[in-house]
Amino acid sequence: MPDEMWSEKYRPVHLYQIIGNEKAKLTFITWLKHWKPGSKSVLLYGPPGTGKTTLVQVASNEFGYKLIEMNASDVRTKTAIMSTAGPIARESSLYVTLYKGAGSILFLDEVDGIFGREDRGGIGGLLKIIDETNVPIILAANDPWKPKLRLLRRSCEMIRFYYVRPSKIIALLKRICQEEGVEAEAKAFAFLAEKSRGDVRSAINDLQSVIGEKVLKVQDVKRLGMRDRKIDVQEALTGIFFAKNVKEAIQSFNNSRIDYEMMLHTIHDNLPLQYSDPIVLASAYNAISRADIFFGRIARTQNWSLLKYAIEQMTAGISTIKKEKTSPVHYRFPPSKIMMLGRTKSERNLRRGICERVGLKCHVSRKAANTDFLPFLKVIFNNDTDLASEISSWLTLDDEMIGYLEDIGRNN
C-alpha cells in the first residue's frame with residue numbers, strides 16, 4: 001500500500017464532497033457569503049472528525065479567500081493572540097484590491113484549549129479582535145460550553161456538527177476501495193462505520209490500516225476492536241463513582257466524550273446498579289437533583305457561569321458521599337430518558353418533514369407519503385446503503401431525517 005495517508009489523499013476539495021452535516025454546511029456557507037465588517041464571527045463545534053476544519057479549508061478556497069490557520073491552544077495569552085491574529089484581522093480593503101481575491105479568513109482551531117493561569121487575558125484579546133475585525137473570523141471547538149467561553153459564545157453565531165451517519169461513511173469507504181482497486185466484503189464496511197462512531201477521519205485511517213494485498217475481510221476489521229462510546233461511558237462512570245478526590249471526579253467527566261446532559265441522565269440510570277444502600281442512594285440522587293436544578297437555571301437564563309456548579313454536583317457530589325465497598329459494574333447506556341425521546345414531538349416533526357419531501361417529489365399527499373412510502377423507506381435505509389444514499393440526495397434529506405429512518409427501521 002502507498003505511504004500516503006488516505007485521510008489526506010481523499011480529503012474533499014469541493015464542498016459537495018464533504019459528507020454529512022448538510023444543515024451545518026449550508027448555514028456556514030450562507031454566513032460566509034453574507035459576512036461583512038460588523039457581522040458576528042462563527043463558532044463551529046462538535047466531535048472531532050466530522051468535517052469542521054475541512055469545511056473551512058474547502059470553502060475558503062472555493063470563495064477565493066486566503067486562509068490563515070492558527071491553533072488557539074498554541075497562542076493563548078492576550079499578547080500572543082493580539083500580536084499574531086491582530087494584524088490579520090485589521091487587513092484593509094486595500095489589501096484585497098492589490099492582491100485580488102476576496103481577502104483573508106482567520107481560522108482559530110481548538111479555542112476550548114484557551115485555559116489555565118498562563119492563558120490570562122487570552123479570551124479578552126480574542127474578543128477584542130472579533131469586535132474590531134475587517135475579515136471573517138472562524139473559531140472551532142469540540143466543547144464550547146466551558147464557562148470561560150461564555151462571552152465568546154455570545155460574540156459568535158454557533159453552528160453545531162454531529163457525528164456523520166454510518167450510511168454516508170459506508171458509501172465513502174466503498175468509493176475509496178474502488179479507487180484503490182481493493183476487493184472488500186460488504187460487512188467489513190458496516191463494521192468500520194460502526195467502529196468509527198461518526199468520525200470520518202478515523203474510519204478512513206482504520207480502513208487503510210487493515211487492508212492487505214488489496215483485499216478487505218471482516219475478520220481483519222474485527223481485530224481493530226470497537227471504538228464504542230459505551231466503553232467511554234464505562235470508564236467515565238468508574239472514574240466518577242470511585243474517584244479518590246473531587247478533582248479526579250471532575251477530570252473523569254472532562255476526559256470523556258459524553259456531553260453533560262447525556263452524562264446526567266446516564267448517572268441517574270446507573271445509580272441503582274452501583275449502590276444498594278438506600279441512604280447512599282438517596283444522597284447520590286440528591287446530588288443529581290441539585291445538578292438538574294442548575295441545568296434548569298442555565299436553560300432559563302442562559303447564565304453559563306452556573307455550568308461548573310452543575311458539573312461539580314453530578315461528579316464530585318457523587319464521589320464524595322459515604323459509599324459502600326463496591327466494585328464497578330457493567331453500566332447501562334444510553335439513558336432510558338434519551339431512548340424514550342423517540343416518541344416525542346421532535347420525532348413527529350422529523351416524520352412530517354420526510355413525508356413533505358416525499359410528497360413534493362412524488363406528487364402525493366403527506367398522508368399518502370406516510371402510509372404508502374415511509375414503510376418502504378424504513379426497509380431500504382437499513383438494507384441497501386447505496387440506494388439509501390441516492391434517495392437521500394434526491395429527497396434532500398438532512399442528517400436527522402436519515403438517522404430517523406435508520407433508527408425506526410431497526411426498531412420496527
# chains A, B, ... in the order shown; residues from 1 in each chain; ligands from 1
call {"tool": "residues_around", "arguments": {"residues": "region 19-34 of chain A", "least_positions_apart": "4", "cutoff": "10 Å", "atoms": "only C-alpha atoms", "output": "ChimeraX atom specification"}}
result
/A:12,15,39-45,50-52,55-56,59-60,63,105,136-138,157-169,171-172,198,200,396-400
call {"tool": "select_by_dssp", "arguments": {"residues": "region 185-352 of chain A", "states": "helix (DSSP H, G or I)", "output": "PyMOL selection string"}}
result
chain A and resi 186-196+200-210+218-222+229-241+246-254+260-274+278-301+304-319+336-343+345-352
call {"tool": "write_last_selection", "arguments": {"atoms": "C-alpha atoms", "output": "short mmCIF file (atom, residue, chain, number, x, y, z; two decimals), in the first residue's frame"}}
result
data_model
loop_
_atom_site.label_atom_id
_atom_site.label_comp_id
_atom_site.auth_asym_id
_atom_site.auth_seq_id
_atom_site.Cartn_x
_atom_site.Cartn_y
_atom_site.Cartn_z
CA ALA A 186 -19.70 -5.67 2.34
CA LYS A 187 -19.96 -6.40 6.06
CA ALA A 188 -16.46 -5.02 6.58
CA PHE A 189 -17.64 -1.55 5.58
CA ALA A 190 -20.52 -1.71 8.06
CA PHE A 191 -18.16 -2.77 10.84
CA LEU A 192 -15.72 0.08 10.08
CA ALA A 193 -18.54 2.62 10.01
CA GLU A 194 -19.89 1.37 13.33
CA LYS A 195 -16.45 1.38 14.88
CA SER A 196 -15.74 4.95 13.81
CA VAL A 200 -14.90 10.07 9.15
CA ARG A 201 -11.17 10.54 9.54
CA SER A 202 -10.91 7.56 11.92
CA ALA A 203 -12.93 5.38 9.54
CA ILE A 204 -10.58 6.14 6.63
CA ASN A 205 -7.46 5.61 8.76
CA ASP A 206 -8.82 2.29 10.04
CA LEU A 207 -9.65 1.19 6.50
CA GLN A 208 -6.12 1.85 5.32
CA SER A 209 -4.57 0.14 8.35
CA VAL A 210 -6.32 -3.23 7.85
CA VAL A 218 -14.44 -8.81 8.01
CA GLN A 219 -12.03 -10.85 10.13
CA ASP A 220 -9.30 -8.25 9.52
CA VAL A 221 -11.55 -5.39 10.58
CA LYS A 222 -12.76 -7.09 13.74
CA ARG A 229 -18.99 5.25 23.27
CA LYS A 230 -20.23 2.64 25.73
CA ILE A 231 -16.60 1.91 26.64
CA ASP A 232 -16.08 5.61 27.16
CA VAL A 233 -19.11 5.72 29.44
CA GLN A 234 -17.87 2.71 31.41
CA GLU A 235 -14.52 4.40 32.05
CA ALA A 236 -16.06 7.78 32.86
CA LEU A 237 -18.60 6.40 35.35
CA THR A 238 -15.99 4.24 37.03
CA GLY A 239 -13.82 7.35 37.38
CA ILE A 240 -16.68 9.36 38.89
CA PHE A 241 -18.03 6.68 41.25
CA VAL A 246 -13.03 15.97 43.87
CA LYS A 247 -10.51 16.87 41.18
CA GLU A 248 -10.30 13.28 39.95
CA ALA A 249 -14.11 13.01 39.71
CA ILE A 250 -14.44 16.18 37.62
CA GLN A 251 -11.50 15.15 35.45
CA SER A 252 -13.16 11.81 34.68
CA PHE A 253 -16.08 13.68 33.16
CA ASN A 254 -13.87 16.21 31.33
CA TYR A 260 -23.09 16.99 30.28
CA GLU A 261 -26.81 16.38 29.62
CA MET A 262 -26.21 12.82 28.44
CA MET A 263 -23.90 12.19 31.42
CA LEU A 264 -26.51 13.47 33.90
CA HIS A 265 -29.13 11.04 32.58
CA THR A 266 -26.58 8.22 32.42
CA ILE A 267 -25.50 8.68 36.05
CA HIS A 268 -29.16 8.84 37.08
CA ASP A 269 -29.92 5.49 35.41
CA ASN A 270 -26.85 3.74 36.82
CA LEU A 271 -27.00 4.80 40.47
CA PRO A 272 -29.23 1.83 41.49
CA LEU A 273 -26.85 -0.55 39.70
CA GLN A 274 -23.86 0.79 41.62
CA PRO A 278 -30.88 3.29 50.45
CA ILE A 279 -29.12 6.05 52.40
CA VAL A 280 -26.20 6.17 49.97
CA LEU A 281 -28.57 6.04 47.02
CA ALA A 282 -30.66 8.90 48.42
CA SER A 283 -27.54 11.04 48.88
CA ALA A 284 -26.46 10.34 45.31
CA TYR A 285 -29.88 11.24 43.89
CA ASN A 286 -29.84 14.41 45.96
CA ALA A 287 -26.58 15.46 44.28
CA ILE A 288 -28.08 14.66 40.86
CA SER A 289 -31.19 16.71 41.63
CA ARG A 290 -29.06 19.73 42.60
CA ALA A 291 -27.19 19.42 39.30
CA ASP A 292 -30.51 19.26 37.46
CA ILE A 293 -31.65 22.47 39.19
CA PHE A 294 -28.52 24.27 37.94
CA PHE A 295 -29.08 22.98 34.39
CA GLY A 296 -32.66 24.24 34.58
CA ARG A 297 -31.47 27.72 35.58
CA ILE A 298 -28.96 27.72 32.74
CA ALA A 299 -31.71 26.84 30.25
CA ARG A 300 -33.95 29.66 31.51
CA THR A 301 -31.34 32.41 31.92
CA TRP A 304 -23.45 29.55 31.60
CA SER A 305 -21.31 30.53 34.58
CA LEU A 306 -23.53 28.08 36.51
CA LEU A 307 -22.33 25.14 34.41
CA LYS A 308 -19.31 24.46 36.62
CA TYR A 309 -21.57 24.10 39.68
CA ALA A 310 -23.86 21.68 37.85
CA ILE A 311 -20.89 19.55 36.76
CA GLU A 312 -19.44 19.62 40.28
CA GLN A 313 -22.71 18.32 41.73
CA MET A 314 -23.07 15.41 39.29
CA THR A 315 -19.40 14.37 39.59
CA ALA A 316 -17.80 15.49 42.85
CA GLY A 317 -21.21 15.41 44.54
CA ILE A 318 -21.41 11.70 43.76
CA SER A 319 -17.80 10.83 44.55
CA SER A 336 -33.73 5.49 29.33
CA LYS A 337 -34.93 9.10 29.04
CA ILE A 338 -32.95 9.61 25.84
CA MET A 339 -34.35 6.39 24.39
CA MET A 340 -37.93 7.48 25.16
CA LEU A 341 -37.48 10.74 23.28
CA GLY A 342 -38.03 8.81 20.05
CA ARG A 343 -41.78 9.16 20.53
CA LYS A 345 -42.82 15.94 19.22
CA SER A 346 -39.31 16.02 17.76
CA GLU A 347 -39.87 12.62 16.15
CA ARG A 348 -43.24 13.65 14.76
CA ASN A 349 -41.68 16.77 13.23
CA LEU A 350 -38.99 14.66 11.56
CA ARG A 351 -41.60 12.26 10.20
CA ARG A 352 -43.68 15.17 8.91
#
call {"tool": "atom_distance", "arguments": {"atom1": "CA of Leu149 (chain A)", "atom2": "CA of Phe107 (chain A)"}}
result
16.8 Å
call {"tool": "atom_distance", "arguments": {"atom1": "CA of Val379 (chain A)", "atom2": "CA of Tyr404 (chain A)"}}
result
12.2 Å
call {"tool": "atom_distance", "arguments": {"atom1": "CA of Gly38 (chain A)", "atom2": "CA of Tyr65 (chain A)"}}
result
18.3 Å
call {"tool": "closest_residue", "arguments": {"among": "A:Thr320, A:Ser393, A:Thr371, A:Ser7", "to": "Ile176 (chain A)", "atoms": "only C-alpha atoms"}}
result
A:Ser7
call {"tool": "residues_around", "arguments": {"residues": "Asp386 (chain A)", "least_positions_apart": "2", "cutoff": "9 Å", "atoms": "only C-alpha atoms", "output": "ChimeraX atom specification"}}
result
/A:167,170-171,384,388-391
call {"tool": "select_by_dssp", "arguments": {"residues": "region 140-356 of chain A", "states": "strand (DSSP E)", "output": "list in words"}}
result
Ala140, Ala141, Cys156, Glu157, Met158, Ile159, Arg160, Glu183, Ala184, Val215 and Leu216 of chain A
